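Report on the structure given below.
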Amino acid sequence: MHDGQLLSVTDSVWMLTVDPVSLNVTGKQKWNDSGIQDKFSIPAAGSAHPEWNKKYSETIDFVGNENPLTGATDIVIYGMSDVHKDSRKKYGATAPMKSTPYMHSFGITNNYTILPRMPVKFSLPLSKGKSMSESFSDLPLPEPSEDNAFWLVPLDGGDVIKKFLPVDEKLYSSRFAYSHRSAQKRCPGSCPEKRRRDIS
């Protein structure tokens with residue numbers, strides 16, 4: 001609940017407002033804030049799972065602002081609360097990534113936001129008729145790099161900490177489906193042949 005309404009979120013920078021009684025969509029959530037979304041950038045990334053932080057008593061989420069000229073994306077961590085219901089509060093340093101990431105969810109502690117940077121680049125399909133799967137492309141990993149790493153963003157400020165993973169342990173978020181008939185675990189889509197570090 002936020003300001004008397006439910007917020008519907010997905011892997012997007014936009015949130016819809018929903019009436020808690022009728023469950024009717026009432027509009028798009030609008031914020032009167034600064035320092036969260038740059039008007040010269042393209043809002044290109046968000047999380048489907050905002051997280052509650054006990055220390056600050058706020059719901060924490062992030063937004064990715066893509067530079068339309070370079071493709072580089074700044075990840076901004078923010079908090080939502082009825083204490084400042086019309087605006088979002090920025091937490092910690094901006095995390096600059098070389099391309100737009102896909103981060104369906106993220107981790108949080110009292111002091112850090114943990115961003116799982118997968119070796120995947122996300123870009124919206126520009127042509128009609130293209131599927132969402134065509135929005136993803138693999139990033140090359142000749143050596144351990146920030147494109148396959150956990151990014152730790154201190155909520156109270158300080159430098160972003162990057163924990164690189166080995167090249168043969170690609171960080172992917174996967175969802176497994178169970179077959180009712182065989183009760184076997186099935187991986188939707190294609191599963192990489194190499195070892196993968198599953199963050200589900």
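In the structure tokens, each chain is lettered A, B, ... as it comes, each chain's residues begin at 1, and ligands are numbered from 1 in order of appearance.
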- Task: Fewer than 2 positions away in the same chain doesn't count, so skip those; otherwise give me all residues within 10 Å of Val9 of chain A, counting only C-alpha atoms, as a ChimeraX atom specification.
- Result: /A:6-7,11-17,46-50
Output N, CA, C and O atoms for every residue in the selection just made, as a compact mmCIF listing (two decimals), in the first residue's frame.
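Okay, part.txt is ready:
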```txt
# COMPACT_ATOMS: atom_id res chain seq x y z
N LEU A 6 -2.83 0.53 -3.96
CA LEU A 6 -1.85 -0.51 -4.27
C LEU A 6 -1.02 -0.05 -5.46
O LEU A 6 -1.53 0.62 -6.36
N LEU A 7 0.24 -0.42 -5.46
CA LEU A 7 1.09 -0.15 -6.62
C LEU A 7 1.39 -1.48 -7.32
O LEU A 7 1.86 -2.42 -6.70
N ASP A 11 8.81 -5.71 -14.26
CA ASP A 11 10.19 -5.38 -14.66
C ASP A 11 10.16 -4.10 -15.50
O ASP A 11 10.50 -4.10 -16.68
N SER A 12 9.77 -3.03 -14.90
CA SER A 12 9.55 -1.79 -15.63
C SER A 12 9.82 -0.61 -14.70
O SER A 12 9.86 -0.76 -13.47
N VAL A 13 10.01 0.55 -15.28
CA VAL A 13 10.20 1.75 -14.47
C VAL A 13 8.87 2.37 -14.09
O VAL A 13 8.82 3.28 -13.26
N TRP A 14 7.79 1.89 -14.70
CA TRP A 14 6.48 2.47 -14.44
C TRP A 14 5.70 1.62 -13.45
O TRP A 14 5.76 0.40 -13.48
N MET A 15 4.95 2.28 -12.59
CA MET A 15 4.07 1.60 -11.64
C MET A 15 2.63 2.06 -11.89
O MET A 15 2.40 3.25 -12.12
N LEU A 16 1.70 1.12 -11.81
CA LEU A 16 0.30 1.46 -11.96
C LEU A 16 -0.35 1.53 -10.59
O LEU A 16 -0.01 0.76 -9.69
N THR A 17 -1.30 2.44 -10.41
CA THR A 17 -2.04 2.53 -9.16
C THR A 17 -3.32 1.70 -9.28
O THR A 17 -3.99 1.71 -10.32
N GLY A 46 14.00 -1.69 -14.28
CA GLY A 46 13.36 -1.64 -12.97
C GLY A 46 13.23 -3.05 -12.43
O GLY A 46 13.53 -4.02 -13.11
N SER A 47 12.77 -3.16 -11.20
CA SER A 47 12.62 -4.47 -10.57
C SER A 47 11.14 -4.81 -10.41
O SER A 47 10.31 -3.94 -10.20
N ALA A 48 10.85 -6.11 -10.49
CA ALA A 48 9.49 -6.57 -10.25
C ALA A 48 9.24 -6.84 -8.78
O ALA A 48 8.12 -7.15 -8.38
N HIS A 49 10.30 -6.74 -7.95
CA HIS A 49 10.17 -7.10 -6.54
C HIS A 49 10.85 -6.08 -5.63
O HIS A 49 11.96 -6.32 -5.15
N PRO A 50 10.21 -4.94 -5.37
CA PRO A 50 10.76 -4.01 -4.37
C PRO A 50 10.90 -4.72 -3.03
O PRO A 50 10.16 -5.65 -2.73
```
- Item | Backbone-only DSSP, strand (DSSP E) members of segment 20-133 of chain A, as an MDAnalysis selection string | chainID A and resid 25:28 42:46 51:53 58:66 73:80 89:97 107:108 112:117 120:122
- Item | Minimum-distance residue to Asn32 of chain A, chosen among A:His84, A:Ala44, A:Gly64, A:Asp147 (using only C-alpha atoms) |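 The answer is A:His84, which sits nearest to Asn32 of chain A.
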- Task: For Trp151 of chain A, work out the shell of residues within 9 Å, counting only C-alpha atoms and skipping chain neighbours fewer than 2 positions away, then give it as a list of chain:residue names.
- Result: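 Once the adjacent positions are removed, what remains is A:Ala95, A:Thr113, A:Ile114, A:Leu115, A:Pro116, A:Arg117, A:Glu146, A:Ala149, A:Val153, A:Val160, A:Ile161, A:Lys162, A:Lys163, A:Phe164.
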- Message: List as a list of chain:residue names the protein and nucleic acid residues near segment 56-59 of chain A, meaning an atom at most 6 Å away when only C-alpha atoms are counted, but skip any in the same chain fewer than 6 places from it.
- Response: A:Gly79, A:Met80, A:Ser81
- Task: State, in Å with one decimal place, the distance from atom CA of Lys28 of chain A to atom CA of Asn65 of chain A.
- Result: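 Atom CA of Lys28 of chain A sits 18.7 Å away from atom CA of Asn65 of chain A.
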- Query: Ser137 of chain A: which residues within 8 Å, counting only C-alpha atoms, same-chain residues fewer than 3 positions away excluded, as a PyMOL selection string?
  - Reply: chain A and resi 120-122+134
Output N, CA and C atoms for every residue in that selection, as a CSV table (one decimal), in the first residue's frame.
```csv
chain,number,residue,atom,x,y,z
A,120,VAL,N,24.1,-10.1,-19.5
A,120,VAL,CA,23.0,-10.0,-20.6
A,120,VAL,C,22.7,-8.5,-20.7
A,121,LYS,N,22.6,-8.1,-22.0
A,121,LYS,CA,22.2,-6.7,-22.3
A,121,LYS,C,20.7,-6.7,-22.7
A,122,PHE,N,20.0,-5.7,-22.1
A,122,PHE,CA,18.6,-5.5,-22.4
A,122,PHE,C,18.4,-4.3,-23.3
A,134,GLU,N,13.7,-11.1,-28.0
A,134,GLU,CA,14.7,-10.5,-28.9
A,134,GLU,C,15.3,-9.3,-28.3
```
